[in-house]
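Step one of this worksheet: look at the structure below.
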Amino acid sequence: MTEKANKKYKDSVFVDLFYEDESAEENEIALYNALHDEPLPEGTKIRKIRVENVLYMNFKNDISFDAGGKLIVFGEHQSTINENMPLRNLLYVGRAYEQLVPVEDRYKKKQVKLPKPEFYTFYNGEEAWAKEEVLKLSDAYLEQGGEKTLDLKVKMININPDQHHEILEKCPVLGEYSQFVEAVRAHQRTGEENALQNAVDECIRRGILSEYLRKKGSEAVNMLIAEYDYDMDIKVQREEAKEEGIEQGIARGKELGKVEGIRLGTVNNIMEFLEDLGEIPETLKSKIMQEEKPDVLRRWLKLAAKAETIEQFEKSVEK
């Protein structure tokens, strides 16, 4: 791919379609109606809300809009699995309410009425994920017992075409966006020159977001490049963090000055990496704990750091 990124573009095609473009309000209404049994009444006022400077590199949240003053829809597009979306949305909604409620109203005796928030994540990554899932902030609490005085639920919707989620038919622009991303990936996999521009040209020919892509032209390609750079940056940061964890684990073991200390330090780090991927089967835990050979454990540690699922790690260990 020979296209070069223009750093001034930080919004994605998804954000542009549902927040920035002149058709964004129409698209937001279509998205709202697809998410709810009752469509918005004619003439409902849409107010866009943007939350800035919360996360990575001052990126804004993707989309959020107030529908008729009664409800705020928060929507995030994800091309990688991220189970921390409830936490991220907690930060977003706090900032949004700061914008909506004047300072003086926060100290009034009478209760301030707030628009009800709803949270959605639209996932179209290449790694397998459920067709639909509810992610809860309370699942992240270290203490799971007792009453949960604060919770936040995010509905994750997989918009990959092969999932055939009904929202893709209910919201045509979202359905075409899903097809557009699939076309972009197909061209990228070929390794052809100007893959992104070729994908845009193909979609125009096929009638996929054709009006939008004709209008945006090279701007759409620049947004795609910015998305690609962002995804790669996140991937590199994750790999660097894992490598740093490997070095720290080995260092902790050496500090104990004993072979057993090194072994336990390595075992603990393997467990930490795997716990990030999900629940570790008891048989696998036992196998790791009982392994005595330092060279085997070091190899397993590197495999755990690179694994994307526990199943992948198990298969690598068995080879």
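Residue numbering restarts at 1 in every chain; chains get A, B, ... in the order shown in the structure tokens, and ligands count up from 1 in that same order.
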List as a list in words the protein and nucleic acid residues near A:Ile288, meaning an atom at most 12 Å away when only C-alpha atoms are counted, but skip any in the same chain fewer than 3 places from it.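 Listing them by chain and then by number gives Arg263, Leu264, Thr266, Val267, Asn268, Asn269, Ile270, Met271, Leu274, Ile280, Pro281, Glu282, Thr283, Leu284, Lys285, Glu291, Glu292, Lys293, Pro294, Val296, Leu297, Arg298, Arg299, Trp300, Leu301, Ala304, Phe313, Glu314 and Val317 of chain A.
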Output N, CA, C and O atoms of each residue in that selection to a file, as an mmCIF file, in the first residue's frame.
```
data_model
loop_
_atom_site.group_PDB
_atom_site.id
_atom_site.type_symbol
_atom_site.label_atom_id
_atom_site.label_comp_id
_atom_site.auth_asym_id
_atom_site.auth_seq_id
_atom_site.Cartn_x
_atom_site.Cartn_y
_atom_site.Cartn_z
ATOM 1 N N ARG A 263 11.535 -19.541 38.225
ATOM 2 C CA ARG A 263 10.440 -20.369 37.704
ATOM 3 C C ARG A 263 9.083 -19.787 38.080
ATOM 4 O O ARG A 263 8.192 -19.643 37.238
ATOM 5 N N LEU A 264 8.908 -19.442 39.368
ATOM 6 C CA LEU A 264 7.627 -18.915 39.837
ATOM 7 C C LEU A 264 7.312 -17.561 39.199
ATOM 8 O O LEU A 264 6.154 -17.270 38.882
ATOM 9 N N THR A 266 8.205 -16.587 36.248
ATOM 10 C CA THR A 266 7.783 -16.857 34.878
ATOM 11 C C THR A 266 6.373 -17.427 34.841
ATOM 12 O O THR A 266 5.539 -17.026 34.020
ATOM 13 N N VAL A 267 6.088 -18.373 35.747
ATOM 14 C CA VAL A 267 4.753 -18.978 35.827
ATOM 15 C C VAL A 267 3.701 -17.905 36.091
ATOM 16 O O VAL A 267 2.641 -17.866 35.446
ATOM 17 N N ASN A 268 3.966 -17.017 37.028
ATOM 18 C CA ASN A 268 3.005 -15.964 37.372
ATOM 19 C C ASN A 268 2.720 -15.061 36.184
ATOM 20 O O ASN A 268 1.574 -14.657 35.955
ATOM 21 N N ASN A 269 3.748 -14.762 35.402
ATOM 22 C CA ASN A 269 3.543 -13.893 34.246
ATOM 23 C C ASN A 269 2.775 -14.596 33.140
ATOM 24 O O ASN A 269 1.970 -13.979 32.445
ATOM 25 N N ILE A 270 3.004 -15.887 32.976
ATOM 26 C CA ILE A 270 2.209 -16.655 32.008
ATOM 27 C C ILE A 270 0.741 -16.582 32.397
ATOM 28 O O ILE A 270 -0.143 -16.324 31.570
ATOM 29 N N MET A 271 0.483 -16.789 33.706
ATOM 30 C CA MET A 271 -0.897 -16.753 34.198
ATOM 31 C C MET A 271 -1.530 -15.382 33.987
ATOM 32 O O MET A 271 -2.705 -15.260 33.605
ATOM 33 N N LEU A 274 -2.553 -14.958 30.346
ATOM 34 C CA LEU A 274 -3.697 -15.794 29.993
ATOM 35 C C LEU A 274 -4.979 -15.310 30.646
ATOM 36 O O LEU A 274 -6.062 -15.381 30.052
ATOM 37 N N ILE A 280 -8.925 -19.511 32.633
ATOM 38 C CA ILE A 280 -7.942 -20.544 32.312
ATOM 39 C C ILE A 280 -8.457 -21.900 32.799
ATOM 40 O O ILE A 280 -8.777 -22.047 33.987
ATOM 41 N N PRO A 281 -8.538 -22.891 31.926
ATOM 42 C CA PRO A 281 -8.970 -24.227 32.355
ATOM 43 C C PRO A 281 -8.038 -24.778 33.443
ATOM 44 O O PRO A 281 -6.830 -24.536 33.415
ATOM 45 N N GLU A 282 -8.605 -25.519 34.383
ATOM 46 C CA GLU A 282 -7.829 -26.063 35.505
ATOM 47 C C GLU A 282 -6.708 -26.983 35.030
ATOM 48 O O GLU A 282 -5.611 -26.990 35.596
ATOM 49 N N THR A 283 -6.993 -27.764 33.982
ATOM 50 C CA THR A 283 -5.957 -28.677 33.479
ATOM 51 C C THR A 283 -4.757 -27.898 32.940
ATOM 52 O O THR A 283 -3.605 -28.301 33.120
ATOM 53 N N LEU A 284 -5.027 -26.767 32.302
ATOM 54 C CA LEU A 284 -3.944 -25.944 31.776
ATOM 55 C C LEU A 284 -3.172 -25.277 32.917
ATOM 56 O O LEU A 284 -1.939 -25.193 32.875
ATOM 57 N N LYS A 285 -3.878 -24.824 33.934
ATOM 58 C CA LYS A 285 -3.212 -24.238 35.102
ATOM 59 C C LYS A 285 -2.237 -25.231 35.724
ATOM 60 O O LYS A 285 -1.093 -24.899 36.038
ATOM 61 N N GLU A 291 5.297 -27.510 35.419
ATOM 62 C CA GLU A 291 6.444 -27.524 34.518
ATOM 63 C C GLU A 291 7.703 -27.026 35.248
ATOM 64 O O GLU A 291 7.709 -25.972 35.866
ATOM 65 N N GLU A 292 8.768 -27.799 35.166
ATOM 66 C CA GLU A 292 9.997 -27.489 35.900
ATOM 67 C C GLU A 292 11.101 -26.910 35.014
ATOM 68 O O GLU A 292 12.010 -26.241 35.503
ATOM 69 N N LYS A 293 11.043 -27.150 33.729
ATOM 70 C CA LYS A 293 12.141 -26.747 32.852
ATOM 71 C C LYS A 293 12.060 -25.251 32.533
ATOM 72 O O LYS A 293 11.072 -24.788 31.930
ATOM 73 N N PRO A 294 13.091 -24.481 32.907
ATOM 74 C CA PRO A 294 13.082 -23.030 32.667
ATOM 75 C C PRO A 294 12.951 -22.663 31.189
ATOM 76 O O PRO A 294 12.261 -21.699 30.847
ATOM 77 N N VAL A 296 11.454 -24.317 28.810
ATOM 78 C CA VAL A 296 10.077 -24.553 28.370
ATOM 79 C C VAL A 296 9.181 -23.422 28.844
ATOM 80 O O VAL A 296 8.358 -22.888 28.081
ATOM 81 N N LEU A 297 9.350 -23.007 30.093
ATOM 82 C CA LEU A 297 8.529 -21.925 30.639
ATOM 83 C C LEU A 297 8.793 -20.603 29.921
ATOM 84 O O LEU A 297 7.862 -19.824 29.685
ATOM 85 N N ARG A 298 10.045 -20.376 29.569
ATOM 86 C CA ARG A 298 10.345 -19.133 28.846
ATOM 87 C C ARG A 298 9.660 -19.133 27.471
ATOM 88 O O ARG A 298 9.158 -18.105 27.010
ATOM 89 N N ARG A 299 9.653 -20.303 26.831
ATOM 90 C CA ARG A 299 8.982 -20.402 25.526
ATOM 91 C C ARG A 299 7.481 -20.188 25.688
ATOM 92 O O ARG A 299 6.858 -19.476 24.897
ATOM 93 N N TRP A 300 6.899 -20.775 26.730
ATOM 94 C CA TRP A 300 5.473 -20.605 26.980
ATOM 95 C C TRP A 300 5.124 -19.154 27.293
ATOM 96 O O TRP A 300 4.058 -18.661 26.922
ATOM 97 N N LEU A 301 6.016 -18.484 27.990
ATOM 98 C CA LEU A 301 5.782 -17.079 28.336
ATOM 99 C C LEU A 301 5.670 -16.233 27.061
ATOM 100 O O LEU A 301 4.788 -15.382 26.942
ATOM 101 N N ALA A 304 2.373 -17.018 25.409
ATOM 102 C CA ALA A 304 1.254 -16.395 26.115
ATOM 103 C C ALA A 304 1.170 -14.916 25.787
ATOM 104 O O ALA A 304 0.085 -14.349 25.656
ATOM 105 N N PHE A 313 -3.139 -20.394 22.556
ATOM 106 C CA PHE A 313 -1.984 -20.701 23.386
ATOM 107 C C PHE A 313 -1.844 -22.201 23.601
ATOM 108 O O PHE A 313 -0.754 -22.775 23.483
ATOM 109 N N GLU A 314 -2.963 -22.873 23.911
ATOM 110 C CA GLU A 314 -2.934 -24.314 24.144
ATOM 111 C C GLU A 314 -2.419 -25.076 22.916
ATOM 112 O O GLU A 314 -1.604 -25.988 23.043
ATOM 113 N N VAL A 317 1.334 -24.598 22.607
ATOM 114 C CA VAL A 317 2.068 -25.353 23.618
ATOM 115 C C VAL A 317 2.170 -26.815 23.224
ATOM 116 O O VAL A 317 3.184 -27.482 23.456
#
```
Taking only C-alpha atoms into account, produce a table as JSON lines in which each residue of stretch 86-156 of chain A with an atom at most 12 Å from an atom of stretch 13-18 of chain A appears once, together with its shortest atom pair and the distance in Å to one decimal, ordered by chain and rising number.
```
{"residue": "A:Thr121", "atom": "CA", "partner": "A:Phe14", "partner_atom": "CA", "distance": 11.9}
{"residue": "A:Phe122", "atom": "CA", "partner": "A:Phe14", "partner_atom": "CA", "distance": 9.8}
{"residue": "A:Tyr123", "atom": "CA", "partner": "A:Phe14", "partner_atom": "CA", "distance": 11.3}
{"residue": "A:Asn124", "atom": "CA", "partner": "A:Phe14", "partner_atom": "CA", "distance": 11.2}
```
Just N, CA and C atoms for this one: save the residues we selected as a PDB file, in the first residue's frame.
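Wrote it out as part-v5.pdb, contents follow:
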```pdb
ATOM      1  N   THR A 121     -21.815  -0.410  20.902  1.00  0.00           N
ATOM      2  CA  THR A 121     -20.544  -0.590  20.210  1.00  0.00           C
ATOM      3  C   THR A 121     -20.819  -1.374  18.936  1.00  0.00           C
ATOM      4  N   PHE A 122     -20.380  -0.838  17.798  1.00  0.00           N
ATOM      5  CA  PHE A 122     -20.564  -1.500  16.507  1.00  0.00           C
ATOM      6  C   PHE A 122     -19.222  -2.094  16.106  1.00  0.00           C
ATOM      7  N   TYR A 123     -19.148  -3.413  16.168  1.00  0.00           N
ATOM      8  CA  TYR A 123     -17.888  -4.127  15.958  1.00  0.00           C
ATOM      9  C   TYR A 123     -17.833  -4.725  14.565  1.00  0.00           C
ATOM     10  N   ASN A 124     -16.718  -4.511  13.845  1.00  0.00           N
ATOM     11  CA  ASN A 124     -16.542  -5.167  12.541  1.00  0.00           C
ATOM     12  C   ASN A 124     -15.093  -5.609  12.343  1.00  0.00           C
TER      13      ASN A 124
END
```
Test item, helix (DSSP H, G or I) assignment across stretch 148-234 of chain A, answer as a VMD selection string: chain A and resid 161 to 163 167 to 170 172 to 190 195 to 206 210 to 216 218 to 234
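Excluding stretch 46-49 of chain A itself and same-chain residues fewer than 6 positions from it, the residues having an atom within 9 Å of it are Tyr19, Glu25, Glu28, Ile29, Ile63, Ser64, Phe65, Asp66, Ala67, Gly68, Gly69, Ile72, Ala96, Gln99 and Leu100 of chain A, counting only C-alpha atoms.
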Store the residues picked out above in a file with N, CA, C and O atoms, as a JSON list (two decimals), in the first residue's frame.
```json
[["chain", "number", "residue", "atom", "x", "y", "z"],
["A", 19, "TYR", "N", -21.72, 11.55, 12.01],
["A", 19, "TYR", "CA", -21.54, 12.73, 12.84],
["A", 19, "TYR", "C", -21.14, 13.98, 12.06],
["A", 19, "TYR", "O", -21.67, 15.06, 12.29],
["A", 25, "GLU", "N", -27.12, 13.80, 10.19],
["A", 25, "GLU", "CA", -28.35, 13.83, 10.99],
["A", 25, "GLU", "C", -29.37, 12.83, 10.46],
["A", 25, "GLU", "O", -30.01, 12.10, 11.23],
["A", 28, "GLU", "N", -28.17, 9.50, 11.53],
["A", 28, "GLU", "CA", -28.39, 9.27, 12.96],
["A", 28, "GLU", "C", -29.83, 8.88, 13.25],
["A", 28, "GLU", "O", -30.10, 7.99, 14.06],
["A", 29, "ILE", "N", -30.75, 9.53, 12.57],
["A", 29, "ILE", "CA", -32.17, 9.18, 12.74],
["A", 29, "ILE", "C", -32.42, 7.76, 12.26],
["A", 29, "ILE", "O", -33.13, 6.98, 12.92],
["A", 63, "ILE", "N", -19.57, 8.78, 18.19],
["A", 63, "ILE", "CA", -20.79, 9.55, 17.96],
["A", 63, "ILE", "C", -21.63, 9.58, 19.23],
["A", 63, "ILE", "O", -21.67, 8.61, 20.00],
["A", 64, "SER", "N", -22.29, 10.67, 19.46],
["A", 64, "SER", "CA", -23.29, 10.78, 20.52],
["A", 64, "SER", "C", -24.23, 11.90, 20.14],
["A", 64, "SER", "O", -23.80, 12.95, 19.67],
["A", 65, "PHE", "N", -25.52, 11.64, 20.29],
["A", 65, "PHE", "CA", -26.50, 12.66, 19.93],
["A", 65, "PHE", "C", -27.72, 12.56, 20.83],
["A", 65, "PHE", "O", -28.10, 11.48, 21.31],
["A", 66, "ASP", "N", -28.30, 13.70, 21.07],
["A", 66, "ASP", "CA", -29.48, 13.85, 21.91],
["A", 66, "ASP", "C", -30.70, 13.83, 21.00],
["A", 66, "ASP", "O", -30.79, 14.61, 20.05],
["A", 67, "ALA", "N", -31.64, 12.91, 21.25],
["A", 67, "ALA", "CA", -32.85, 12.79, 20.43],
["A", 67, "ALA", "C", -34.03, 13.39, 21.18],
["A", 67, "ALA", "O", -34.54, 12.80, 22.13],
["A", 68, "GLY", "N", -34.41, 14.57, 20.77],
["A", 68, "GLY", "CA", -35.58, 15.21, 21.37],
["A", 68, "GLY", "C", -35.39, 15.64, 22.81],
["A", 68, "GLY", "O", -36.38, 15.89, 23.51],
["A", 69, "GLY", "N", -34.15, 15.71, 23.27],
["A", 69, "GLY", "CA", -33.90, 16.16, 24.64],
["A", 69, "GLY", "C", -34.16, 15.11, 25.70],
["A", 69, "GLY", "O", -33.96, 15.36, 26.89],
["A", 72, "ILE", "N", -29.89, 10.25, 25.08],
["A", 72, "ILE", "CA", -28.61, 10.39, 24.38],
["A", 72, "ILE", "C", -28.17, 9.01, 23.92],
["A", 72, "ILE", "O", -28.11, 8.07, 24.70],
["A", 96, "ALA", "N", -20.32, 14.30, 28.89],
["A", 96, "ALA", "CA", -21.50, 14.78, 28.17],
["A", 96, "ALA", "C", -22.45, 15.52, 29.11],
["A", 96, "ALA", "O", -22.96, 16.59, 28.77],
["A", 99, "GLN", "N", -21.47, 18.99, 29.83],
["A", 99, "GLN", "CA", -21.84, 19.94, 28.78],
["A", 99, "GLN", "C", -23.31, 20.32, 28.86],
["A", 99, "GLN", "O", -23.69, 21.47, 28.58],
["A", 100, "LEU", "N", -24.15, 19.35, 29.22],
["A", 100, "LEU", "CA", -25.60, 19.56, 29.15],
["A", 100, "LEU", "C", -26.17, 20.28, 30.37],
["A", 100, "LEU", "O", -27.20, 20.96, 30.26]]
```
Quick one: DSSP strand (DSSP E or B) residues in stretch 89-147 of chain A, as an MDAnalysis selection string? chainID A and resid 116:123 132:136
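The nearest approach to A:Val221 among the residues A:Asn198, A:Glu132, A:Val112, A:Leu150, with only C-alpha atoms taken into account, belongs to A:Asn198.
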Figure out the distance between atom CA of A:Met223 and atom CA of A:Lys306, please, to one decimal in Å. 29.0 Å
Would you mind listing what lies within 10 Å of stretch 206-209 of chain A as a PyMOL selection string, with only C-alpha atoms counted and same-chain residues fewer than 3 positions away left out? chain A and resi 17+172-180+183+200-203+212-214
Which residues are close to A:Leu137, i.e. within 12 Å by only C-alpha atoms, leaving aside same-chain residues fewer than 4 positions away? Reply as a list in words. Glu83, Asn84, Met85, Pro86, Leu87, Arg88, Asn89, Leu90, Leu91, Phe119, Tyr141, Leu142, Gln144, Lys148, Thr149, Leu150, Asp151, Leu152, Lys153, Val154 and Lys155 of chain A
